[in-house]
Structures are given as C-alpha cells and as structure tokens.
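Q: One structure is given below, represented as structure tokens, and several questions about it will come after.
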Amino acid sequence: MNKTLQLLIVGFAIVLSSCSNDATDKTPETEIEKVSYSLGVNVATGVKSQGLETIDANALAKAFKDVLEGNDLDISEEEGMKILQDFFGKLQAEQAEAGKAKMNNWLSDTITTQKVQTTESGLQYQIIAEGNGVKAEINDKIKVHYYGYFADGKKFDSSLDRGEPIEFPLGQGRVIPGWDEAFQLMSIGSKWKLIIPSELGYGAQDNGLIPPNTDLLFIAELIAIN
C-alpha cells in the first residue's frame with residue numbers, strides 16, 4: 001500500500017475519533033469542528049478515489065482508539081499491512097478488468113463497411129455512430145472520449161484508461177489541428193474513426209511518445225458541449 005493511502009486512512013481515523021457517537025450529524029460551528037469536517041471531506045474524497053466505496057467506521061475508530069490507549073490490537077500492524085495490500089491489490093485488478101471490458105465494449109462497434117471520407121485538409125474519417133445533438137463551434141468547451149493508436153494497431157493513449165473524458169476549448173490550438181477540425185464536424189453523440197496525417201498531428205515534432213512524421217488513428221466520441 002502506498003504512502004498516500006496510509007495517510008488517508010490515518011487521517012480518516014483521526015476525523016472519526018474527533019466525533020462523538022451522538023453528534024455525527026451536527027453541523028460544524030466552532031473552528032475546530034469546521035477544520036475537522038473539512039479534513040473529513042478531503043480524506044473521504046481521497047479514500048473514495050482509491051476505489052473504496054464503503055468503510056466500517058466503527059472498526060476504524062476502534063483501531064485508532066486501541067492504538068492511542070495502548071490496548072492489544074485485534075490485528076497486528078504487520079498482518080494489517082498485508083490485509084490492506086491484498087485488498088487494494090484485488091480492488092485495482094477488478095478496476096483494471098472492468099476498464100478493459102468497458103473499452104472493448106466501446107470499441108466493439110468500430111468499423112465495418114463505412115466508407116472513408118476525406119476533407120480538403122487531408123483529414124480522413126469513418127462514421128461509426130452519428131449523433132443527433134448540436135455541433136460544436138469555435139471556442140466551445142467540449143468533452144471527448146478517445147482511443148488513440150498507430151497504424152500497426154499499437155495503442156499510445158486512451159481516455160478510457162483514465163476512466164474519464166478529456167475537456168478542452170475547440171479551435172484554440174490546445175489539441176492537434178486534426179482534432180480541432182474533426183470535432184467541428186461532429187454532433188453530440190457521434191463516434192468516428194479519425195485518420196489524421198502527420199501534418200495535422202504532431203508533424204516533425206518528437207514528443208517522446210509519438211515519433212516524428214507519424215500518422216495517428218483515433219476512435220473518438222463527442223460526449224458534451226459546455
């Protein structure tokens with residue numbers, strides 16, 4: 001278990017120990033109550049981001065109390081570390097498997113017989129699913145899911161791996177030119193395969209991950225316009 005998670009759990013225990021059993025619903029009023037509540041929100045958010053949706057507050061508070069009062073521990077520190085490592089290792093494996101399944105489902109309806117269309121700039125695309133929402137315009141902030149890969153099929157990036165779409169303003173040079181062009185053509189809900197020539201991608205630039213003068217392929221979905 002990493003150090004961040006250890007600190008989160010310890011911090012959460014501190015928050016629990018500072019609250020009496022009959023006052024957990026009390027709205028914070030004093031400075032220390034507000035500090036404690038704010039710490040609790042921060043810690044609980046961090047714990048939840050690790051994938052832990054529920055926790056036994058009583059067991060956690062008892063462990064903290066036993067340590068502070070010097071009582072015999074029900075579970076030794078060494079054994080507890082192993083329990084936590086095993087649990088969070090299993091949780092991460094489950095999350096990875098779920099993410100893989102989600103990605104496979106997202107890509108399963110990729111290209112069949114859709115023809116390739118080419119714009120004047122050289123951008124090519126195939127329509128996997130056509131949305132019926134509005135189209136984005138320059139300066140609109142859009143939200144996108146994507147799966148990026150090379151011509152040999154090797155993936156180089158994917159928003160699905162991170163579990164959340166990316167968001168950026170359209171037409172302001174925040175992304176590669178091929179994206180700025182493509183997402184102006186798509187309606188909300190559309191999913192396209194994009195074939196982006198290197199001059200509309202990173203060109204001769206070598207950014208380490210993508211070699212110079214490399215054509216890029218994406219499965220991209222326009223999720224929302226803000």
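Just remember, in the structure tokens the first chain shown is A, the second B, etc., residues are 1-based per chain, and ligands are 1-based in the order shown.
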Tell me, which residues of stretch 70-220 of chain A carry DSSP alpha helix (DSSP H), written as a PyMOL selection string?
A: chain A and resi 77-107+159-162+177-185
Q: Residues of the last selection are to be written out with N, CA and C atoms, as a short mmCIF file (atom, residue, chain, number, x, y, z; two decimals), in the first residue's frame.
A:
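Done, and the output landed in again04.cif:
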data_model
loop_
_atom_site.label_atom_id
_atom_site.label_comp_id
_atom_site.auth_asym_id
_atom_site.auth_seq_id
_atom_site.Cartn_x
_atom_site.Cartn_y
_atom_site.Cartn_z
N GLU A 77 0.00 -4.85 13.33
CA GLU A 77 0.33 -3.93 12.24
C GLU A 77 0.83 -4.68 11.02
N GLU A 78 1.68 -5.67 11.23
CA GLU A 78 2.23 -6.43 10.11
C GLU A 78 1.13 -7.17 9.35
N GLU A 79 0.25 -7.82 10.10
CA GLU A 79 -0.84 -8.54 9.46
C GLU A 79 -1.80 -7.57 8.77
N GLY A 80 -2.02 -6.42 9.40
CA GLY A 80 -2.91 -5.41 8.82
C GLY A 80 -2.39 -4.87 7.51
N MET A 81 -1.07 -4.64 7.42
CA MET A 81 -0.48 -4.16 6.18
C MET A 81 -0.70 -5.17 5.04
N LYS A 82 -0.56 -6.45 5.38
CA LYS A 82 -0.76 -7.48 4.36
C LYS A 82 -2.23 -7.53 3.92
N ILE A 83 -3.14 -7.39 4.88
CA ILE A 83 -4.57 -7.38 4.56
C ILE A 83 -4.88 -6.22 3.61
N LEU A 84 -4.33 -5.05 3.92
CA LEU A 84 -4.58 -3.87 3.09
C LEU A 84 -3.97 -4.03 1.70
N GLN A 85 -2.74 -4.54 1.64
CA GLN A 85 -2.09 -4.73 0.35
C GLN A 85 -2.88 -5.71 -0.51
N ASP A 86 -3.33 -6.81 0.11
CA ASP A 86 -4.10 -7.81 -0.64
C ASP A 86 -5.43 -7.22 -1.12
N PHE A 87 -6.09 -6.47 -0.22
CA PHE A 87 -7.40 -5.92 -0.57
C PHE A 87 -7.31 -4.92 -1.71
N PHE A 88 -6.37 -3.96 -1.58
CA PHE A 88 -6.28 -2.92 -2.61
C PHE A 88 -5.67 -3.46 -3.90
N GLY A 89 -4.85 -4.49 -3.79
CA GLY A 89 -4.35 -5.15 -4.99
C GLY A 89 -5.49 -5.81 -5.75
N LYS A 90 -6.38 -6.49 -5.01
CA LYS A 90 -7.54 -7.12 -5.63
C LYS A 90 -8.48 -6.08 -6.23
N LEU A 91 -8.65 -4.96 -5.50
CA LEU A 91 -9.52 -3.90 -5.97
C LEU A 91 -8.99 -3.28 -7.26
N GLN A 92 -7.68 -3.06 -7.33
CA GLN A 92 -7.09 -2.50 -8.53
C GLN A 92 -7.22 -3.45 -9.71
N ALA A 93 -7.07 -4.75 -9.45
CA ALA A 93 -7.21 -5.74 -10.52
C ALA A 93 -8.64 -5.75 -11.05
N GLU A 94 -9.61 -5.65 -10.15
CA GLU A 94 -11.01 -5.62 -10.56
C GLU A 94 -11.31 -4.37 -11.38
N GLN A 95 -10.74 -3.25 -10.96
CA GLN A 95 -10.97 -2.00 -11.69
C GLN A 95 -10.34 -2.06 -13.08
N ALA A 96 -9.14 -2.66 -13.15
CA ALA A 96 -8.47 -2.79 -14.45
C ALA A 96 -9.27 -3.68 -15.39
N GLU A 97 -9.81 -4.77 -14.86
CA GLU A 97 -10.61 -5.69 -15.67
C GLU A 97 -11.90 -5.02 -16.14
N ALA A 98 -12.52 -4.25 -15.23
CA ALA A 98 -13.74 -3.54 -15.60
C ALA A 98 -13.45 -2.49 -16.67
N GLY A 99 -12.31 -1.80 -16.53
CA GLY A 99 -11.92 -0.80 -17.52
C GLY A 99 -11.66 -1.43 -18.88
N LYS A 100 -11.03 -2.60 -18.88
CA LYS A 100 -10.75 -3.30 -20.13
C LYS A 100 -12.04 -3.73 -20.81
N ALA A 101 -12.99 -4.23 -20.01
CA ALA A 101 -14.28 -4.66 -20.56
C ALA A 101 -15.03 -3.47 -21.15
N LYS A 102 -14.98 -2.33 -20.45
CA LYS A 102 -15.65 -1.13 -20.92
C LYS A 102 -15.05 -0.67 -22.24
N MET A 103 -13.71 -0.72 -22.32
CA MET A 103 -13.05 -0.30 -23.54
C MET A 103 -13.41 -1.23 -24.70
N ASN A 104 -13.41 -2.54 -24.45
CA ASN A 104 -13.75 -3.49 -25.50
C ASN A 104 -15.17 -3.27 -26.01
N ASN A 105 -16.10 -3.00 -25.08
CA ASN A 105 -17.47 -2.73 -25.48
C ASN A 105 -17.56 -1.46 -26.30
N TRP A 106 -16.78 -0.45 -25.89
CA TRP A 106 -16.80 0.84 -26.58
C TRP A 106 -16.25 0.72 -28.00
N LEU A 107 -15.27 -0.17 -28.17
CA LEU A 107 -14.65 -0.33 -29.48
C LEU A 107 -15.31 -1.40 -30.33
N SER A 159 -8.42 7.87 -23.17
CA SER A 159 -9.12 8.47 -22.02
C SER A 159 -9.83 7.40 -21.21
N LEU A 160 -10.19 6.29 -21.84
CA LEU A 160 -10.88 5.22 -21.14
C LEU A 160 -9.99 4.58 -20.08
N ASP A 161 -8.68 4.56 -20.33
CA ASP A 161 -7.76 4.03 -19.34
C ASP A 161 -7.79 4.86 -18.06
N ARG A 162 -8.03 6.15 -18.22
CA ARG A 162 -8.07 7.05 -17.06
C ARG A 162 -9.47 7.12 -16.43
N PRO A 177 -4.21 19.91 -34.75
CA PRO A 177 -5.11 20.50 -35.75
C PRO A 177 -6.18 19.54 -36.26
N GLY A 178 -5.82 18.26 -36.40
CA GLY A 178 -6.80 17.28 -36.87
C GLY A 178 -7.99 17.15 -35.94
N TRP A 179 -7.74 17.29 -34.64
CA TRP A 179 -8.84 17.24 -33.67
C TRP A 179 -9.69 18.51 -33.76
N ASP A 180 -9.05 19.66 -33.83
CA ASP A 180 -9.80 20.91 -33.93
C ASP A 180 -10.74 20.88 -35.13
N GLU A 181 -10.28 20.30 -36.22
CA GLU A 181 -11.12 20.21 -37.42
C GLU A 181 -12.22 19.17 -37.26
N ALA A 182 -11.85 17.99 -36.82
CA ALA A 182 -12.79 16.88 -36.77
C ALA A 182 -13.98 17.16 -35.84
N PHE A 183 -13.70 17.70 -34.67
CA PHE A 183 -14.78 17.86 -33.69
C PHE A 183 -15.74 19.00 -34.04
N GLN A 184 -15.35 19.85 -35.01
CA GLN A 184 -16.30 20.85 -35.52
C GLN A 184 -17.30 20.22 -36.48
N LEU A 185 -16.97 19.04 -36.98
CA LEU A 185 -17.85 18.35 -37.93
C LEU A 185 -18.82 17.39 -37.24
#
Q: Interatomic distance between atom CA of A:Glu221 and atom CA of A:Gln172?
A: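 It comes out at 19.3 Å.
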Q: Pick out the closest residue to A:His145 from this set: A:Ile55, A:Ala220, A:Leu194, A:Leu68. Count only C-alpha atoms.
A: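 Once distances to A:His145 are computed over only C-alpha atoms, the minimum belongs to A:Ala220.
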Q: Considering only C-alpha atoms, return as a PyMOL selection string whatever protein or nucleic-acid residues lie within 6 Å of A:Asn213, sequence-local ones (same chain, fewer than 4 positions apart) excluded.
A: chain A and resi 198+203-204
Q: Go ahead and dump the residues you just picked, N, CA and C atoms, as a CSV table (one decimal), in the first residue's frame.
A:
chain,number,residue,atom,x,y,z
A,198,SER,N,0.2,13.1,-40.5
A,198,SER,CA,1.1,13.7,-39.5
A,198,SER,C,1.1,15.2,-39.5
A,203,GLY,N,3.3,16.5,-36.7
A,203,GLY,CA,4.3,16.8,-37.7
A,203,GLY,C,5.6,16.2,-37.4
A,204,ALA,N,6.7,17.0,-37.6
A,204,ALA,CA,8.1,16.6,-37.4
A,204,ALA,C,8.5,16.6,-35.9
Q: Taking only C-alpha atoms into account, which of A:Ile219, A:Val35, A:Val144, A:Ile176 comes nearest A:Gly201?
A: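 Among the listed residues, the smallest separation from A:Gly201 belongs to A:Ile176.
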Q: Just give me the gap between atom CA of A:Ser158 and atom CA of A:Tyr146 in Å, one decimal is fine.
A: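 Atom CA of A:Tyr146 lies 5.7 Å from atom CA of A:Ser158.
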Q: Please, what distance in Å, to one decimal, runs between atom CA of A:Met186 and atom CA of A:Gly133?
A: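 Going from atom CA of A:Met186 over to atom CA of A:Gly133, I get 9.0 Å.
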Q: I need the strand (DSSP E or B) residues of stretch 34-220 of chain A per DSSP on the backbone, written as a VMD selection string.
A: chain A and resid 117 to 118 124 to 129 135 141 to 149 155 to 158 166 to 169 187 191 to 196 216 to 220
Q: When distances are computed from only C-alpha atoms, which of A:Ser36, A:Asn226, A:Ser190, A:Thr214 shows the smallest separation from A:Tyr202?
A: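 Of the candidates, the smallest distance to A:Tyr202 is held by A:Thr214.
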Q: Name the residues in contact with A:Lys141 at a cut-off of 7 Å, using only C-alpha atoms, excluding same-chain residues fewer than 6 positions from it; report them as JSON, numbers by chain.
A: {"A": [167, 168, 169, 170, 225, 226]}
